[in-house]
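Let me begin by presenting the structure, written as structure tokens, before commenting on it.
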Amino acid sequence: MTHVQGNQVITKAVIPAAGMGTRFLPSTKSMPKEMLPIVDKPVLQYVIEEAVESGIKDILIVTGRGKQAIENHFDFNPELESFLAESGKANMVEQIRDIGDRCEIHYIRQKRQLGLGDAIRLAGHHVGNEPFAVLLGDTIIDPPAGEKPGVRQLMEAFESKQASIVAVHRVPKPWVDRYGIVDGKADSDNAHMIRLNQLVEKPAIDEAPSNLAIAGRYVFTAHIFDYLKQTAQGVGGEIQLTDAMNMLAQDVGTGGMYALDWQAKRYDIGNRVEYAKCFIDYALRRSDTGSSIRKHIQNHLES
Ligand code: UTP
């Protein structure tokens, strides 16, 4: 078993981005869903900005076949930089370099898409024996104004408990069969934290233990790798992360698993409707696009 000692802080993030994105075909035939733009910035850039703004500089992206656009986006592009400089757009150079310069990005390829659990398992060598954050590459987290970035909130919860923790948000009861749902009891120290008994993947509506859905952000101790090794391929041949999390939740010696019930909005970009909502919400709030888009929507609704 992996041994974890002392008070540990999070310095590394793993971003799985190797999935096939079948819910977003035909776009994802040639373009990773993680590179879909929200106004003019790819989804994955928002995710990396969340990690960097949370204080994480070491980022491992799990990629796969057909995902080269991801590596190109965060790489240095000398031709584009000279073109911008020569055409009087030197101010844009800073903008295209920015995030790639603010962190160290590593890549590992998942050869066969064996599920989220398998993608995380591949990060074991890079992560070593440290606790680490996981941010799904197709999920944007938008906390209420003035609140800390999503994964920062989880990191702070981890630091107080020194145990693995997953972010959850409340969903309407009729939607529970679309999500991983958690079951547990409120923590006596913090009303927003729940000590987990179990996690149920897409439960039937009348069997769901709660309406708290897993939100695409996690902090794990290295114990998760022990359980991922023991997780067999399940439905669709995939290695389910929730199966390993369930075993971790039962293992009191590791600190078990907690959930943090937060207020942040979550957009699952792999879902067409949520992608469209995210695009509209971000376009409405930006100073360069907000008023035109608002007018367009108003005209549309009045016609
Ligand atoms: P999803 O289950 O939403 O992604 O995984 P998917 O399999 O690409 O989507 P659909 O259902 O076919 O439309 C959540 C995150 O985990 C990554 C995905 O890239 C996404 O960011 N993932 C998923 C992997 O890295 N590897 C996998 O084998 C599966």
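In the structure tokens, each chain is lettered A, B, ... as it comes, each chain's residues begin at 1, and ligands are numbered from 1 in order of appearance.
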
Please extract the residues at most 7 Å from ligand 1, counting only C-alpha atoms and all ligand atoms, and provide them as a short mmCIF file (atom, residue, chain, number, x, y, z; two decimals) with N, CA, C and O atoms, in the first residue's frame, using the chain letters and residue numbers of this document.
data_model
loop_
_atom_site.label_atom_id
_atom_site.label_comp_id
_atom_site.auth_asym_id
_atom_site.auth_seq_id
_atom_site.Cartn_x
_atom_site.Cartn_y
_atom_site.Cartn_z
N PRO A 16 -7.62 14.83 -17.34
CA PRO A 16 -7.92 13.83 -18.36
C PRO A 16 -8.62 14.50 -19.55
O PRO A 16 -9.61 15.21 -19.37
N ALA A 17 -8.09 14.26 -20.74
CA ALA A 17 -8.66 14.88 -21.95
C ALA A 17 -8.53 13.93 -23.13
O ALA A 17 -8.36 14.36 -24.26
N ALA A 18 -8.57 12.63 -22.85
CA ALA A 18 -8.31 11.65 -23.92
C ALA A 18 -9.58 10.97 -24.42
O ALA A 18 -9.51 10.12 -25.30
N GLY A 19 -10.73 11.35 -23.87
CA GLY A 19 -11.98 10.66 -24.22
C GLY A 19 -12.37 10.88 -25.68
O GLY A 19 -11.90 11.82 -26.33
N MET A 20 -13.25 10.01 -26.18
CA MET A 20 -13.66 10.05 -27.60
C MET A 20 -14.67 11.17 -27.88
O MET A 20 -14.83 11.56 -29.03
N GLY A 21 -15.37 11.63 -26.87
CA GLY A 21 -16.33 12.72 -27.07
C GLY A 21 -17.45 12.35 -28.01
O GLY A 21 -17.87 13.15 -28.86
N THR A 22 -17.98 11.13 -27.86
CA THR A 22 -19.00 10.67 -28.83
C THR A 22 -20.30 11.48 -28.76
O THR A 22 -21.02 11.57 -29.74
N ARG A 23 -20.56 12.11 -27.59
CA ARG A 23 -21.80 12.90 -27.49
C ARG A 23 -21.71 14.17 -28.32
O ARG A 23 -22.71 14.84 -28.51
N PHE A 24 -20.51 14.50 -28.77
CA PHE A 24 -20.35 15.75 -29.51
C PHE A 24 -19.92 15.51 -30.96
O PHE A 24 -19.32 16.38 -31.58
N GLU A 34 -12.35 19.13 -25.77
CA GLU A 34 -11.70 20.03 -24.80
C GLU A 34 -11.19 21.31 -25.49
O GLU A 34 -10.83 22.27 -24.82
N VAL A 62 -3.74 14.23 -19.85
CA VAL A 62 -3.82 12.89 -20.46
C VAL A 62 -4.49 13.08 -21.83
O VAL A 62 -5.64 13.52 -21.92
N THR A 63 -3.73 12.80 -22.89
CA THR A 63 -4.27 12.98 -24.25
C THR A 63 -4.34 11.63 -24.94
O THR A 63 -4.00 10.60 -24.36
N GLN A 110 -3.02 8.22 -23.50
CA GLN A 110 -3.81 7.03 -23.19
C GLN A 110 -4.04 6.33 -24.53
O GLN A 110 -4.67 6.88 -25.43
N ARG A 112 -5.61 3.37 -25.30
CA ARG A 112 -6.97 2.88 -25.52
C ARG A 112 -7.88 3.58 -24.54
O ARG A 112 -7.53 3.72 -23.36
N GLN A 113 -9.04 4.03 -25.02
CA GLN A 113 -9.93 4.83 -24.16
C GLN A 113 -10.70 3.89 -23.22
O GLN A 113 -11.83 3.51 -23.48
N LEU A 114 -10.01 3.53 -22.14
CA LEU A 114 -10.58 2.56 -21.19
C LEU A 114 -11.26 3.25 -20.01
O LEU A 114 -11.44 2.65 -18.95
N GLY A 115 -11.60 4.51 -20.19
CA GLY A 115 -12.36 5.19 -19.15
C GLY A 115 -11.53 6.13 -18.29
O GLY A 115 -10.31 6.14 -18.31
N LEU A 116 -12.29 6.92 -17.50
CA LEU A 116 -11.67 7.94 -16.65
C LEU A 116 -10.72 7.33 -15.62
O LEU A 116 -9.64 7.87 -15.37
N ASP A 118 -8.92 4.68 -15.91
CA ASP A 118 -7.68 4.31 -16.59
C ASP A 118 -6.83 5.56 -16.87
O ASP A 118 -5.60 5.55 -16.70
N ALA A 119 -7.49 6.64 -17.26
CA ALA A 119 -6.76 7.90 -17.54
C ALA A 119 -6.03 8.37 -16.28
O ALA A 119 -4.86 8.78 -16.33
N LEU A 136 -11.54 17.63 -14.70
CA LEU A 136 -11.94 17.06 -15.99
C LEU A 136 -11.77 18.12 -17.07
O LEU A 136 -12.20 19.27 -16.93
N GLY A 137 -11.14 17.68 -18.18
CA GLY A 137 -10.80 18.63 -19.24
C GLY A 137 -11.99 19.12 -20.04
O GLY A 137 -11.86 20.03 -20.85
N ASP A 138 -13.17 18.52 -19.80
CA ASP A 138 -14.35 18.95 -20.55
C ASP A 138 -15.36 19.62 -19.63
O ASP A 138 -16.54 19.69 -19.95
N GLY A 270 -19.27 18.29 -22.76
CA GLY A 270 -19.57 17.14 -23.62
C GLY A 270 -21.06 17.03 -23.93
O GLY A 270 -21.47 16.29 -24.81
#

- request: Please run DSSP on the backbone and report, as a PyMOL selection string, all residues within region 42-263 of chain A that come out as strand (DSSP E or B).
  value: chain A and resi 42+58-63+104-109+132-135+139-142+164-170+180-186+193-201+212-220+257-261

- prompt: For Arg102 (chain A), which residue among A:Glu130, A:Gln45, A:Leu84, A:Gln153 is the nearest when counting only C-alpha atoms?
  reply: A:Gln45

message: Counting only C-alpha atoms, which residue out of A:Leu199, A:Ala222, A:Leu44, A:Ile59 sits closest to Gln250 (chain A)?
response: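 Result for the nearest residue to Gln250 (chain A): A:Leu199.
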
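For the choices A:His300, A:Lys265, A:Arg121, A:Lys161, the atom-to-atom distance to Thr231 (chain A) is smallest for A:Arg121 when using only C-alpha atoms.
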
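The smallest atom-to-atom distance between Asp101 (chain A) and any of A:Ile38, A:Gly117, A:Val52, A:Leu80, using only C-alpha atoms, is found for A:Val52.
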
field: Contact residues around Ile10 (chain A) with only C-alpha atoms at 10 Å, ignoring same-chain residues under 3 positions, as a PyMOL selection string
entry: chain A and resi 13+54-56+58+130-133+152+155-156+158-159+219-221

So that I have them on file, write out the residues from the current selection with C-alpha atoms, as a CSV table (one decimal), in the first residue's frame.
chain,number,residue,atom,x,y,z
A,13,ALA,CA,-3.0,18.6,-11.3
A,54,SER,CA,-5.5,28.0,-7.5
A,55,GLY,CA,-1.7,27.9,-7.2
A,56,ILE,CA,-0.9,24.7,-9.2
A,58,ASP,CA,2.6,21.3,-12.5
A,130,GLU,CA,1.8,13.0,-3.4
A,131,PRO,CA,-1.8,14.1,-3.2
A,132,PHE,CA,-3.0,15.7,-6.4
A,133,ALA,CA,-6.0,17.5,-8.0
A,152,ARG,CA,-8.7,26.0,-4.8
A,155,MET,CA,-7.5,22.0,-2.0
A,156,GLU,CA,-8.3,24.0,1.1
A,158,PHE,CA,-8.2,18.7,1.6
A,159,GLU,CA,-5.7,20.6,3.7
A,219,VAL,CA,-8.4,15.9,-4.8
A,220,PHE,CA,-6.9,12.4,-4.2
A,221,THR,CA,-4.3,11.0,-2.0

- prompt: DSSP says helix (DSSP H, G or I) for which residues of region 28-106 of chain A? Put them as a count of residues only?
  reply: 42
